[in-house]
file final-v7.txt (compact mmCIF, C-alpha atoms and all ligand atoms)
# COMPACT_ATOMS: atom_id res chain seq x y z
CA MET A 1 25.57 -38.12 -20.08
CA LEU A 2 23.01 -35.73 -21.48
CA SER A 3 19.91 -37.20 -19.95
CA PRO A 4 18.74 -35.03 -17.10
CA TYR A 5 17.23 -38.06 -15.44
CA ALA A 6 20.35 -40.21 -15.38
CA ASN A 7 22.04 -38.03 -12.82
CA PRO A 8 19.59 -36.55 -10.33
CA PRO A 9 21.02 -34.04 -7.88
CA ALA A 10 22.41 -35.85 -4.88
CA THR A 11 20.42 -33.64 -2.57
CA LEU A 12 17.05 -34.41 -4.13
CA SER A 13 15.88 -36.29 -1.07
CA ALA A 14 17.67 -34.14 1.48
CA MET A 15 15.78 -31.95 3.92
CA SER A 16 15.56 -28.50 2.45
CA ALA A 17 13.98 -25.13 2.99
CA ARG A 18 11.81 -25.42 -0.10
CA HIS A 19 10.89 -28.07 -2.59
CA ASP A 20 10.65 -26.26 -5.86
CA LEU A 21 10.46 -28.12 -9.15
CA THR A 22 9.63 -25.09 -11.27
CA PHE A 23 12.80 -25.24 -13.34
CA ALA A 24 13.29 -29.02 -13.35
CA SER A 25 11.16 -29.49 -16.46
CA ASP A 26 8.22 -27.97 -18.25
CA ASN A 27 6.22 -31.07 -17.34
CA THR A 28 6.35 -30.36 -13.61
CA ALA A 29 3.69 -27.66 -13.99
CA GLY A 30 0.01 -28.46 -13.65
CA ILE A 31 -2.87 -28.31 -16.10
CA CYS A 32 -3.52 -24.90 -17.63
CA PRO A 33 -6.84 -23.22 -16.71
CA GLU A 34 -8.31 -23.55 -20.22
CA ALA A 35 -7.70 -27.31 -20.28
CA LEU A 36 -8.95 -27.78 -16.75
CA ALA A 37 -12.17 -25.92 -17.56
CA ALA A 38 -12.54 -28.01 -20.72
CA LEU A 39 -12.15 -31.24 -18.74
CA ASN A 40 -14.87 -30.11 -16.39
CA ALA A 41 -17.20 -29.11 -19.22
CA ALA A 42 -16.57 -32.40 -21.04
CA ASN A 43 -17.59 -34.24 -17.90
CA ALA A 44 -21.21 -33.12 -18.10
CA SER A 45 -22.70 -35.76 -20.39
CA CYS A 46 -22.38 -39.21 -21.90
CA VAL A 47 -20.88 -39.25 -25.40
CA PRO A 48 -19.68 -41.95 -27.79
CA SER A 49 -16.39 -43.55 -26.78
CA TYR A 50 -13.10 -44.26 -28.62
CA GLY A 51 -13.01 -40.92 -30.43
CA GLU A 52 -16.40 -41.27 -32.16
CA ASP A 53 -17.59 -38.10 -30.42
CA ALA A 54 -18.26 -34.63 -31.83
CA THR A 55 -15.51 -33.00 -29.74
CA THR A 56 -12.91 -35.25 -31.32
CA ALA A 57 -14.20 -34.41 -34.79
CA ARG A 58 -13.98 -30.72 -33.88
CA ALA A 59 -10.41 -31.14 -32.60
CA HIS A 60 -9.39 -32.86 -35.85
CA GLN A 61 -10.88 -29.94 -37.78
CA LEU A 62 -9.00 -27.43 -35.62
CA PHE A 63 -5.69 -29.13 -36.48
CA ARG A 64 -6.59 -28.87 -40.17
CA GLU A 65 -7.28 -25.16 -39.68
CA LEU A 66 -4.13 -24.55 -37.65
CA PHE A 67 -1.93 -26.17 -40.28
CA ALA A 68 -4.01 -24.95 -43.22
CA THR A 69 -3.99 -28.39 -44.79
CA ASP A 70 -5.94 -31.63 -44.80
CA CYS A 71 -3.89 -33.43 -42.14
CA GLU A 72 -4.94 -36.50 -40.18
CA THR A 73 -4.62 -36.38 -36.38
CA PHE A 74 -4.52 -39.04 -33.66
CA PHE A 75 -4.25 -38.60 -29.89
CA VAL A 76 -2.04 -40.67 -27.62
CA PHE A 77 -1.18 -40.36 -23.96
CA ASN A 78 2.44 -39.24 -24.03
CA GLY A 79 5.35 -38.23 -26.19
CA THR A 80 7.14 -41.54 -26.07
CA ALA A 81 4.11 -43.32 -27.56
CA ALA A 82 3.60 -40.55 -30.11
CA ASN A 83 7.18 -40.78 -31.35
CA ALA A 84 7.46 -44.55 -31.26
CA LEU A 85 4.16 -45.14 -33.05
CA ALA A 86 4.80 -42.42 -35.61
CA LEU A 87 8.19 -43.92 -36.41
CA SER A 88 6.62 -47.37 -36.68
CA ALA A 89 4.41 -45.98 -39.46
CA LEU A 90 7.40 -44.46 -41.27
CA CYS A 91 10.04 -47.10 -40.91
CA ALA A 92 10.12 -50.85 -41.49
CA ARG A 93 11.93 -53.11 -39.04
CA HIS A 94 14.92 -53.62 -41.34
CA GLN A 95 15.36 -49.86 -41.67
CA SER A 96 17.04 -47.17 -39.59
CA VAL A 97 16.02 -43.87 -38.03
CA LEU A 98 18.54 -41.06 -38.31
CA CYS A 99 18.39 -38.71 -35.34
CA HIS A 100 20.53 -36.39 -33.26
CA GLU A 101 22.59 -38.08 -30.57
CA ILE A 102 20.73 -36.18 -27.84
CA ALA A 103 17.32 -36.87 -29.38
CA HIS A 104 14.72 -37.87 -26.81
CA ILE A 105 13.84 -40.89 -28.98
CA ASP A 106 17.36 -42.22 -28.43
CA THR A 107 18.16 -41.08 -24.90
CA ASP A 108 14.86 -41.06 -23.05
CA GLU A 109 12.37 -43.54 -24.48
CA CYS A 110 13.70 -46.84 -23.19
CA GLY A 111 13.92 -48.33 -26.68
CA ALA A 112 10.23 -47.69 -27.43
CA PRO A 113 10.96 -46.61 -31.04
CA GLU A 114 12.98 -49.80 -31.61
CA PHE A 115 10.24 -51.86 -29.94
CA PHE A 116 7.27 -50.40 -31.81
CA THR A 117 9.04 -50.39 -35.18
CA GLY A 118 9.85 -54.04 -34.57
CA GLY A 119 13.60 -53.55 -34.66
CA SER A 120 14.51 -50.40 -36.57
CA LYS A 121 17.95 -49.21 -35.55
CA LEU A 122 18.34 -45.65 -34.32
CA LEU A 123 21.44 -43.97 -35.73
CA PRO A 124 22.40 -41.14 -33.37
CA LEU A 125 24.36 -38.41 -35.15
CA PRO A 126 26.39 -35.46 -33.82
CA GLY A 127 25.61 -31.79 -34.43
CA ALA A 128 26.10 -28.46 -32.69
CA SER A 129 23.27 -27.09 -30.53
CA GLY A 130 21.19 -30.25 -30.77
CA GLN A 131 20.73 -29.81 -34.53
CA LEU A 132 21.47 -32.01 -37.52
CA THR A 133 22.91 -30.68 -40.76
CA PRO A 134 22.53 -32.02 -44.30
CA ALA A 135 26.27 -32.88 -44.33
CA THR A 136 25.98 -35.12 -41.26
CA VAL A 137 22.82 -36.77 -42.55
CA ALA A 138 24.33 -37.28 -46.01
CA ALA A 139 27.35 -39.00 -44.46
CA ALA A 140 25.09 -41.30 -42.45
CA LEU A 141 23.12 -42.27 -45.57
CA THR A 142 26.18 -43.97 -47.05
CA ARG A 143 27.16 -45.93 -43.95
CA GLY A 144 27.37 -49.69 -44.11
CA HIS A 145 27.34 -51.86 -47.19
CA GLY A 146 24.22 -53.24 -48.78
CA VAL A 147 22.10 -55.64 -46.81
CA HIS A 148 24.64 -55.79 -44.00
CA PHE A 149 23.49 -52.47 -42.53
CA PRO A 150 19.91 -51.26 -41.98
CA LYS A 151 18.43 -49.34 -44.88
CA PRO A 152 17.75 -45.69 -43.90
CA GLY A 153 13.99 -45.29 -43.40
CA ALA A 154 13.28 -42.11 -41.49
CA LEU A 155 14.85 -38.86 -40.41
CA SER A 156 13.76 -37.56 -37.01
CA LEU A 157 14.14 -33.90 -36.07
CA THR A 158 13.24 -32.36 -32.72
CA GLN A 159 11.60 -28.91 -32.81
CA SER A 160 12.38 -27.10 -30.60
CA THR A 161 15.52 -29.13 -29.95
CA GLU A 162 16.68 -30.72 -26.72
CA HIS A 163 19.17 -27.85 -26.46
CA GLY A 164 16.46 -25.21 -26.70
CA THR A 165 17.33 -24.22 -30.25
CA LEU A 166 15.21 -23.91 -33.37
CA TYR A 167 15.41 -25.23 -36.89
CA SER A 168 14.39 -22.55 -39.40
CA PRO A 169 11.94 -23.57 -42.14
CA ALA A 170 14.85 -23.38 -44.61
CA ALA A 171 16.98 -25.70 -42.48
CA ILE A 172 14.11 -28.19 -42.21
CA ARG A 173 13.52 -27.93 -45.96
CA ALA A 174 17.17 -28.73 -46.72
CA LEU A 175 17.14 -31.77 -44.43
CA ALA A 176 13.74 -32.96 -45.65
CA ASP A 177 14.71 -32.63 -49.30
CA LEU A 178 17.80 -34.72 -48.68
CA ALA A 179 15.77 -37.31 -46.75
CA HIS A 180 13.05 -37.54 -49.38
CA ALA A 181 15.59 -37.79 -52.21
CA HIS A 182 16.87 -40.94 -50.50
CA GLY A 183 13.42 -42.36 -49.80
CA LEU A 184 13.31 -41.48 -46.11
CA ALA A 185 10.23 -40.08 -44.41
CA VAL A 186 10.55 -37.08 -42.08
CA HIS A 187 9.37 -37.21 -38.48
CA MET A 188 9.31 -34.23 -36.16
CA ASP A 189 9.36 -34.68 -32.39
CA GLY A 190 7.41 -31.62 -31.35
CA ALA A 191 7.15 -32.16 -27.60
CA ARG A 192 7.86 -28.41 -27.52
CA PHE A 193 6.42 -27.54 -30.92
CA ALA A 194 4.25 -24.81 -29.39
CA ASN A 195 7.36 -23.09 -28.02
CA ALA A 196 8.94 -23.35 -31.45
CA CYS A 197 5.84 -21.80 -33.05
CA ALA A 198 5.79 -18.97 -30.52
CA ALA A 199 9.43 -18.15 -31.21
CA SER A 200 9.07 -18.56 -34.97
CA ALA A 201 6.00 -16.33 -35.17
CA ALA A 202 8.34 -13.39 -34.54
CA HIS A 203 10.04 -14.27 -37.85
CA GLY A 204 6.72 -14.56 -39.65
CA HIS A 205 6.79 -18.37 -39.76
CA SER A 206 3.54 -20.25 -39.28
CA PRO A 207 2.98 -23.80 -37.97
CA ALA A 208 2.56 -24.85 -41.62
CA ASP A 209 5.89 -23.23 -42.55
CA LEU A 210 7.63 -25.24 -39.81
CA THR A 211 6.11 -28.54 -40.87
CA TRP A 212 4.52 -29.73 -44.11
CA ARG A 213 5.62 -26.74 -46.19
CA ALA A 214 9.18 -27.58 -45.15
CA GLY A 215 8.71 -31.29 -45.90
CA VAL A 216 7.72 -32.79 -42.54
CA ASP A 217 5.60 -35.93 -43.04
CA VAL A 218 4.44 -36.43 -39.46
CA LEU A 219 4.55 -34.22 -36.38
CA CYS A 220 4.25 -35.33 -32.78
CA PHE A 221 2.68 -32.21 -31.31
CA GLY A 222 3.16 -32.01 -27.56
CA GLY A 223 0.29 -31.09 -25.30
CA THR A 224 1.68 -32.10 -21.91
CA LYS A 225 4.51 -29.60 -21.65
CA ASN A 226 2.18 -26.83 -22.76
CA GLY A 227 -0.37 -27.40 -20.01
CA LEU A 228 -2.53 -30.34 -21.08
CA LEU A 229 -3.25 -33.50 -19.13
CA THR A 230 -1.91 -36.65 -20.75
CA THR A 231 -2.36 -35.91 -24.41
CA GLU A 232 -0.12 -35.53 -27.44
CA ALA A 233 -1.27 -35.26 -31.03
CA VAL A 234 0.25 -37.25 -33.88
CA VAL A 235 -0.38 -35.18 -37.00
CA PHE A 236 0.11 -36.80 -40.39
CA PHE A 237 0.63 -34.36 -43.26
CA ASN A 238 1.48 -37.26 -45.54
CA LYS A 239 -1.80 -39.10 -45.16
CA THR A 240 -0.59 -42.18 -46.99
CA LEU A 241 1.66 -42.85 -44.01
CA ALA A 242 -1.35 -42.71 -41.67
CA ARG A 243 -2.78 -45.88 -43.19
CA ASP A 244 -3.81 -48.26 -40.38
CA PHE A 245 -2.34 -45.89 -37.79
CA ALA A 246 -5.53 -46.21 -35.73
CA TYR A 247 -4.74 -49.91 -35.37
CA ARG A 248 -1.21 -49.16 -34.18
CA VAL A 249 -2.62 -46.75 -31.59
CA LYS A 250 -5.10 -49.32 -30.32
CA GLN A 251 -2.61 -52.19 -30.26
CA ALA A 252 -0.19 -50.09 -28.24
CA GLY A 253 -2.85 -49.42 -25.61
CA GLN A 254 -2.95 -45.75 -26.57
CA LEU A 255 -6.58 -45.44 -27.67
CA ALA A 256 -8.52 -43.66 -24.94
CA SER A 257 -12.07 -44.89 -24.58
CA LYS A 258 -12.91 -41.51 -23.04
CA GLN A 259 -11.11 -39.67 -25.80
CA ARG A 260 -13.35 -36.64 -25.47
CA PHE A 261 -11.24 -35.52 -22.51
CA ALA A 262 -8.14 -35.28 -24.69
CA SER A 263 -10.03 -33.70 -27.58
CA ALA A 264 -11.77 -31.15 -25.35
CA GLN A 265 -8.44 -29.92 -24.04
CA TRP A 266 -7.05 -29.49 -27.56
CA CYS A 267 -10.22 -27.70 -28.66
CA ALA A 268 -9.97 -25.34 -25.70
CA ILE A 269 -6.37 -24.28 -26.31
CA LEU A 270 -6.59 -24.19 -30.10
CA GLU A 271 -9.85 -22.24 -30.23
CA SER A 272 -8.79 -19.68 -27.64
CA GLY A 273 -5.22 -19.30 -28.84
CA ALA A 274 -4.07 -20.34 -25.36
CA TRP A 275 -1.68 -22.90 -26.87
CA LEU A 276 0.39 -20.07 -28.36
CA ARG A 277 -0.13 -17.69 -25.45
CA HIS A 278 1.18 -20.21 -22.92
CA ALA A 279 4.18 -21.08 -25.07
CA THR A 280 4.91 -17.39 -25.63
CA HIS A 281 4.80 -16.86 -21.88
CA ALA A 282 7.17 -19.79 -21.23
CA ASN A 283 9.63 -18.42 -23.79
CA ALA A 284 9.41 -14.91 -22.31
CA GLN A 285 10.05 -16.23 -18.80
CA ALA A 286 13.17 -18.01 -20.07
CA ARG A 287 14.41 -14.73 -21.51
CA LYS A 288 13.74 -12.98 -18.18
CA LEU A 289 15.61 -15.66 -16.28
CA ALA A 290 18.51 -15.52 -18.73
CA ALA A 291 18.69 -11.74 -18.47
CA ALA A 292 18.94 -11.98 -14.69
CA LEU A 293 21.58 -14.73 -14.82
CA ARG A 294 23.71 -13.12 -17.52
CA VAL A 295 24.86 -10.29 -15.28
CA LEU A 296 25.88 -12.49 -12.35
CA PRO A 297 29.61 -13.07 -11.98
CA GLY A 298 30.19 -16.83 -11.68
CA VAL A 299 27.33 -17.73 -14.04
CA THR A 300 27.88 -18.39 -17.74
CA LEU A 301 24.94 -18.63 -20.13
CA LEU A 302 25.65 -21.51 -22.50
CA HIS A 303 23.04 -20.52 -25.10
CA GLU A 304 20.90 -17.46 -25.62
CA PRO A 305 17.40 -18.83 -25.01
CA THR A 306 15.30 -18.94 -28.15
CA VAL A 307 12.51 -20.96 -26.56
CA ASN A 308 11.75 -21.94 -22.96
CA ALA A 309 15.05 -23.45 -21.84
CA VAL A 310 17.94 -21.67 -20.17
CA PHE A 311 21.30 -23.43 -20.09
CA ALA A 312 23.72 -21.98 -17.59
CA GLN A 313 27.02 -23.00 -16.12
CA LEU A 314 27.08 -22.60 -12.35
CA THR A 315 29.97 -23.08 -9.97
CA PRO A 316 29.79 -26.46 -8.18
CA ALA A 317 29.44 -24.66 -4.85
CA ALA A 318 26.57 -22.47 -6.04
CA ALA A 319 24.74 -25.43 -7.58
CA ALA A 320 25.19 -27.47 -4.40
CA ALA A 321 23.85 -24.61 -2.28
CA LEU A 322 20.78 -24.23 -4.51
CA PHE A 323 20.09 -27.96 -4.35
CA ALA A 324 20.46 -27.90 -0.58
CA ARG A 325 18.00 -25.02 -0.48
CA GLY A 326 15.50 -27.22 -2.35
CA TRP A 327 15.69 -26.04 -5.93
CA HIS A 328 15.49 -28.89 -8.41
CA PHE A 329 17.04 -28.71 -11.87
CA HIS A 330 19.16 -30.97 -13.97
CA PRO A 331 22.75 -31.06 -15.19
CA PHE A 332 22.53 -31.26 -18.96
CA ILE A 333 25.64 -29.99 -20.69
CA GLY A 334 28.88 -31.28 -19.24
CA GLU A 335 29.15 -31.59 -15.49
CA HIS A 336 28.02 -28.13 -14.43
CA GLY A 337 25.96 -26.88 -17.35
CA TYR A 338 22.44 -26.88 -15.96
CA ARG A 339 19.10 -26.74 -17.73
CA LEU A 340 16.43 -24.47 -16.29
CA MET A 341 13.06 -24.97 -17.97
CA CYS A 342 10.25 -22.44 -17.95
CA SER A 343 6.62 -23.32 -18.59
CA TRP A 344 3.21 -21.77 -19.06
CA ALA A 345 3.03 -21.56 -15.25
CA THR A 346 6.41 -19.96 -14.43
CA THR A 347 5.82 -16.71 -12.56
CA ASP A 348 7.99 -13.63 -12.15
CA ASP A 349 8.01 -14.31 -8.41
CA VAL A 350 9.64 -17.71 -8.71
CA ILE A 351 12.26 -16.31 -11.08
CA ASN A 352 13.00 -13.54 -8.58
CA ASP A 353 13.23 -16.03 -5.71
CA PHE A 354 15.60 -18.23 -7.68
CA VAL A 355 17.84 -15.33 -8.66
CA THR A 356 17.90 -14.04 -5.08
CA ASP A 357 18.95 -17.47 -3.82
CA LEU A 358 21.54 -17.82 -6.56
CA LYS A 359 23.07 -14.47 -5.64
CA SER A 360 23.33 -15.63 -2.04
CA ALA A 361 24.76 -18.95 -3.17
CA LEU A 362 27.40 -17.17 -5.23
CA ASN A 363 28.55 -15.06 -2.30
CA GLY A 364 28.42 -17.98 0.07
CA THR A 365 25.54 -16.78 2.25
CA LEU A 366 22.73 -19.15 1.20
C1 LIG B 401 9.21 -34.47 -22.97
C2 LIG B 401 9.67 -34.91 -24.29
C3 LIG B 401 9.03 -35.95 -24.99
C4 LIG B 401 7.85 -36.71 -24.43
O1 LIG B 401 8.10 -37.42 -23.28
P1 LIG B 401 6.99 -38.25 -22.51
O2 LIG B 401 7.49 -38.24 -21.12
O3 LIG B 401 6.98 -39.60 -23.09
O4 LIG B 401 5.68 -37.57 -22.67
C5 LIG B 401 9.44 -36.24 -26.26
N1 LIG B 401 10.44 -35.56 -26.84
C6 LIG B 401 11.08 -34.56 -26.22
C7 LIG B 401 12.16 -33.82 -26.93
C8 LIG B 401 10.74 -34.22 -24.92
O5 LIG B 401 11.37 -33.22 -24.30
call {"tool": "encode", "arguments": {"input": "final-v7.txt", "output": "structure tokens"}}
result
Amino acid sequence: MLSPYANPPATLSAMSARHDLTFASDNTAGICPEALAALNAANASCVPSYGEDATTARAHQLFRELFATDCETFFVFNGTAANALALSALCARHQSVLCHEIAHIDTDECGAPEFFTGGSKLLPLPGASGQLTPATVAAALTRGHGVHFPKPGALSLTQSTEHGTLYSPAAIRALADLAHAHGLAVHMDGARFANACAASAAHGHSPADLTWRAGVDVLCFGGTKNGLLTTEAVVFFNKTLARDFAYRVKQAGQLASKQRFASAQWCAILESGAWLRHATHANAQARKLAAALRVLPGVTLLHEPTVNAVFAQLTPAAAAALFARGWHFHPFIGEHGYRLMCSWATTDDVINDFVTDLKSALNGTL
């Protein structure tokens, strides 16, 4: 019910005045200028393959600097592979992964975590605003009896969450402490980790505060939704868990022979600060969109945006008119609670166009 992809708007293929995917997801945008320039620059010479190049070494060093710790980083092509392979390093096949019931690993990865762990069972758990609490996790830890139920192996948290909310460092700490006390490792799905960092910076929280200092063992740090082409970083803070991870990456077909192109993009956005700038922009655009929607009669904001997602309830007629006009976005909460994603590339103009069309839709003139 919560997957945006399970229920595409009926009018997706209809003839329409425009064909605008701006708000459908933050992965509909293109490659950010810094990454594109880095790809071009990396194209100039022949370098060692399979990550043996100097740019990859530099990228690894930049992750250590960003997180202010001696972490170990690997690059894969997408978030599904990052999550599934990370979980396979944390969780044996007879164990379980505790996650939120709307977690991408459960709803949108086609069983890849189960496949790459070799059979670990995902235990989807409820929680308001896409977040788990220690009470829910504690209850799940005592499910089943002995060998008849999988042994809990990992806790997976999404930051920022699928509902556009944030875990505070203290909330992560409480969950991680509980997990570690029961022998579970802590995985963070950070497909939108940059957006979480941008929002958390306002509270004085650093990337380290949101991860290893709060007990996260491994982070899947998204590049794609923040403007990179086909690269996500798997960052191990608990380096013991990274043992043989390079083999898992290779076996899964995720080791790029031309890895310099992934590394160069990471170097470009980490060195220039563009990774945080783009995420800050995406978050700000979501606030702008929310501010414009909040005042419209017939629109209900379902959450105040903390990161780059706006969730709004629209009337069925208004939503249908927008779809017919060619706007693409997904139902996400209930039948008419829609998700509008902003990205590094979302402009003021497109927000204004959308709001203008929505106003017309609401008064029946679109
Ligand atoms: C987008 C996303 C991913 C990664 O998806 P891929 O399409 O496999 O790159 C992972 N987790 C969350 C929460 C996401 O939104």
call {"tool": "closest_residue", "arguments": {"input": "final-v7.txt", "among": "A:Arg260, A:Arg287, A:Arg192, A:His303", "to": "ligand LIG 401 (chain B)", "atoms": "all atoms listed in the file"}}
result
A:Arg192
call {"tool": "closest_residue", "arguments": {"input": "final-v7.txt", "among": "A:Ala274, A:Thr280, A:Leu358, A:Gln259", "to": "Leu293 (chain A)", "atoms": "all atoms listed in the file"}}
result
A:Leu358
call {"tool": "atom_distance", "arguments": {"input": "final-v7.txt", "atom1": "CA of Asp26 (chain A)", "atom2": "CA of Gln313 (chain A)"}}
result
19.6 Å
call {"tool": "residues_near_ligand", "arguments": {"input": "final-v7.txt", "ligand": "ligand LIG 401 (chain B)", "cutoff": "10 Å", "atoms": "only C-alpha atoms and all ligand atoms", "output": "PDB file with C-alpha atoms, in the frame of the given file"}}
result
ATOM      1  CA  SER A  25      11.160 -29.490 -16.460  1.00  0.00           C
ATOM      2  CA  ASP A  26       8.220 -27.970 -18.250  1.00  0.00           C
ATOM      3  CA  ASN A  27       6.220 -31.070 -17.340  1.00  0.00           C
ATOM      4  CA  VAL A  76      -2.040 -40.670 -27.620  1.00  0.00           C
ATOM      5  CA  PHE A  77      -1.180 -40.360 -23.960  1.00  0.00           C
ATOM      6  CA  ASN A  78       2.440 -39.240 -24.030  1.00  0.00           C
ATOM      7  CA  GLY A  79       5.350 -38.230 -26.190  1.00  0.00           C
ATOM      8  CA  THR A  80       7.140 -41.540 -26.070  1.00  0.00           C
ATOM      9  CA  ALA A  81       4.110 -43.320 -27.560  1.00  0.00           C
ATOM     10  CA  ALA A  82       3.600 -40.550 -30.110  1.00  0.00           C
ATOM     11  CA  ASN A  83       7.180 -40.780 -31.350  1.00  0.00           C
ATOM     12  CA  ALA A  84       7.460 -44.550 -31.260  1.00  0.00           C
ATOM     13  CA  ILE A 102      20.730 -36.180 -27.840  1.00  0.00           C
ATOM     14  CA  ALA A 103      17.320 -36.870 -29.380  1.00  0.00           C
ATOM     15  CA  HIS A 104      14.720 -37.870 -26.810  1.00  0.00           C
ATOM     16  CA  ILE A 105      13.840 -40.890 -28.980  1.00  0.00           C
ATOM     17  CA  ASP A 106      17.360 -42.220 -28.430  1.00  0.00           C
ATOM     18  CA  THR A 107      18.160 -41.080 -24.900  1.00  0.00           C
ATOM     19  CA  ASP A 108      14.860 -41.060 -23.050  1.00  0.00           C
ATOM     20  CA  GLU A 109      12.370 -43.540 -24.480  1.00  0.00           C
ATOM     21  CA  CYS A 110      13.700 -46.840 -23.190  1.00  0.00           C
ATOM     22  CA  ALA A 112      10.230 -47.690 -27.430  1.00  0.00           C
ATOM     23  CA  LEU A 157      14.140 -33.900 -36.070  1.00  0.00           C
ATOM     24  CA  THR A 158      13.240 -32.360 -32.720  1.00  0.00           C
ATOM     25  CA  GLN A 159      11.600 -28.910 -32.810  1.00  0.00           C
ATOM     26  CA  SER A 160      12.380 -27.100 -30.600  1.00  0.00           C
ATOM     27  CA  THR A 161      15.520 -29.130 -29.950  1.00  0.00           C
ATOM     28  CA  GLU A 162      16.680 -30.720 -26.720  1.00  0.00           C
ATOM     29  CA  HIS A 163      19.170 -27.850 -26.460  1.00  0.00           C
ATOM     30  CA  GLY A 164      16.460 -25.210 -26.700  1.00  0.00           C
ATOM     31  CA  MET A 188       9.310 -34.230 -36.160  1.00  0.00           C
ATOM     32  CA  ASP A 189       9.360 -34.680 -32.390  1.00  0.00           C
ATOM     33  CA  GLY A 190       7.410 -31.620 -31.350  1.00  0.00           C
ATOM     34  CA  ALA A 191       7.150 -32.160 -27.600  1.00  0.00           C
ATOM     35  CA  ARG A 192       7.860 -28.410 -27.520  1.00  0.00           C
ATOM     36  CA  PHE A 193       6.420 -27.540 -30.920  1.00  0.00           C
ATOM     37  CA  CYS A 220       4.250 -35.330 -32.780  1.00  0.00           C
ATOM     38  CA  PHE A 221       2.680 -32.210 -31.310  1.00  0.00           C
ATOM     39  CA  GLY A 222       3.160 -32.010 -27.560  1.00  0.00           C
ATOM     40  CA  GLY A 223       0.290 -31.090 -25.300  1.00  0.00           C
ATOM     41  CA  THR A 224       1.680 -32.100 -21.910  1.00  0.00           C
ATOM     42  CA  LYS A 225       4.510 -29.600 -21.650  1.00  0.00           C
ATOM     43  CA  THR A 230      -1.910 -36.650 -20.750  1.00  0.00           C
ATOM     44  CA  THR A 231      -2.360 -35.910 -24.410  1.00  0.00           C
ATOM     45  CA  GLU A 232      -0.120 -35.530 -27.440  1.00  0.00           C
TER      46      GLU A 232
END
call {"tool": "atom_distance", "arguments": {"input": "final-v7.txt", "atom1": "CA of Met341 (chain A)", "atom2": "CA of Ala128 (chain A)"}}
result
20.0 Å
call {"tool": "residues_around", "arguments": {"input": "final-v7.txt", "residues": "Arg294 (chain A)", "least_positions_apart": "5", "cutoff": "12 Å", "atoms": "only C-alpha atoms", "output": "short mmCIF file (atom, residue, chain, number, x, y, z; two decimals) with C-alpha atoms, in the frame of the given file"}}
result
data_model
loop_
_atom_site.label_atom_id
_atom_site.label_comp_id
_atom_site.auth_asym_id
_atom_site.auth_seq_id
_atom_site.Cartn_x
_atom_site.Cartn_y
_atom_site.Cartn_z
CA ALA A 286 13.17 -18.01 -20.07
CA ARG A 287 14.41 -14.73 -21.51
CA LYS A 288 13.74 -12.98 -18.18
CA LEU A 289 15.61 -15.66 -16.28
CA VAL A 299 27.33 -17.73 -14.04
CA THR A 300 27.88 -18.39 -17.74
CA LEU A 301 24.94 -18.63 -20.13
CA LEU A 302 25.65 -21.51 -22.50
CA HIS A 303 23.04 -20.52 -25.10
CA GLU A 304 20.90 -17.46 -25.62
CA PRO A 305 17.40 -18.83 -25.01
CA VAL A 310 17.94 -21.67 -20.17
CA PHE A 311 21.30 -23.43 -20.09
CA ALA A 312 23.72 -21.98 -17.59
CA GLN A 313 27.02 -23.00 -16.12
CA LEU A 314 27.08 -22.60 -12.35
CA VAL A 355 17.84 -15.33 -8.66
CA LYS A 359 23.07 -14.47 -5.64
#
call {"tool": "closest_residue", "arguments": {"input": "final-v7.txt", "among": "A:His19, A:Lys121, A:His330, A:Arg325", "to": "Ser360 (chain A)", "atoms": "only C-alpha atoms"}}
result
A:Arg325
call {"tool": "closest_residue", "arguments": {"input": "final-v7.txt", "among": "A:Val137, A:Cys342, A:Leu322, A:Ala264", "to": "Ala54 (chain A)", "atoms": "only C-alpha atoms"}}
result
A:Ala264
call {"tool": "closest_atom_pairs", "arguments": {"input": "final-v7.txt", "of": "region 61-134 of chain A", "to": "region 268-272 of chain A", "cutoff": "9 Å", "atoms": "all atoms listed in the file", "output": "CSV"}}
result
residue,atom,partner,partner_atom,distance
A:Leu62,CA,A:Leu270,CA,6.8
A:Phe63,CA,A:Leu270,CA,8.1
A:Leu66,CA,A:Leu270,CA,7.9
call {"tool": "residues_around", "arguments": {"input": "final-v7.txt", "residues": "region 43-45 of chain A", "least_positions_apart": "6", "cutoff": "12 Å", "atoms": "all atoms listed in the file", "output": "ChimeraX atom specification"}}
result
/A:36-37,53,258-262,264-265
call {"tool": "write_last_selection", "arguments": {"input": "final-v7.txt", "atoms": "C-alpha atoms", "output": "compact mmCIF listing (two decimals), in the coordinates of the input"}}
result
# COMPACT_ATOMS: atom_id res chain seq x y z
CA LEU A 36 -8.95 -27.78 -16.75
CA ALA A 37 -12.17 -25.92 -17.56
CA ASP A 53 -17.59 -38.10 -30.42
CA LYS A 258 -12.91 -41.51 -23.04
CA GLN A 259 -11.11 -39.67 -25.80
CA ARG A 260 -13.35 -36.64 -25.47
CA PHE A 261 -11.24 -35.52 -22.51
CA ALA A 262 -8.14 -35.28 -24.69
CA ALA A 264 -11.77 -31.15 -25.35
CA GLN A 265 -8.44 -29.92 -24.04
call {"tool": "closest_residue", "arguments": {"input": "final-v7.txt", "among": "A:Phe149, A:Tyr167, A:Trp344, A:Phe115", "to": "His281 (chain A)", "atoms": "only C-alpha atoms"}}
result
A:Trp344
call {"tool": "atom_distance", "arguments": {"input": "final-v7.txt", "atom1": "CA of Ala246 (chain A)", "atom2": "CA of Ala68 (chain A)"}}
result
22.6 Å
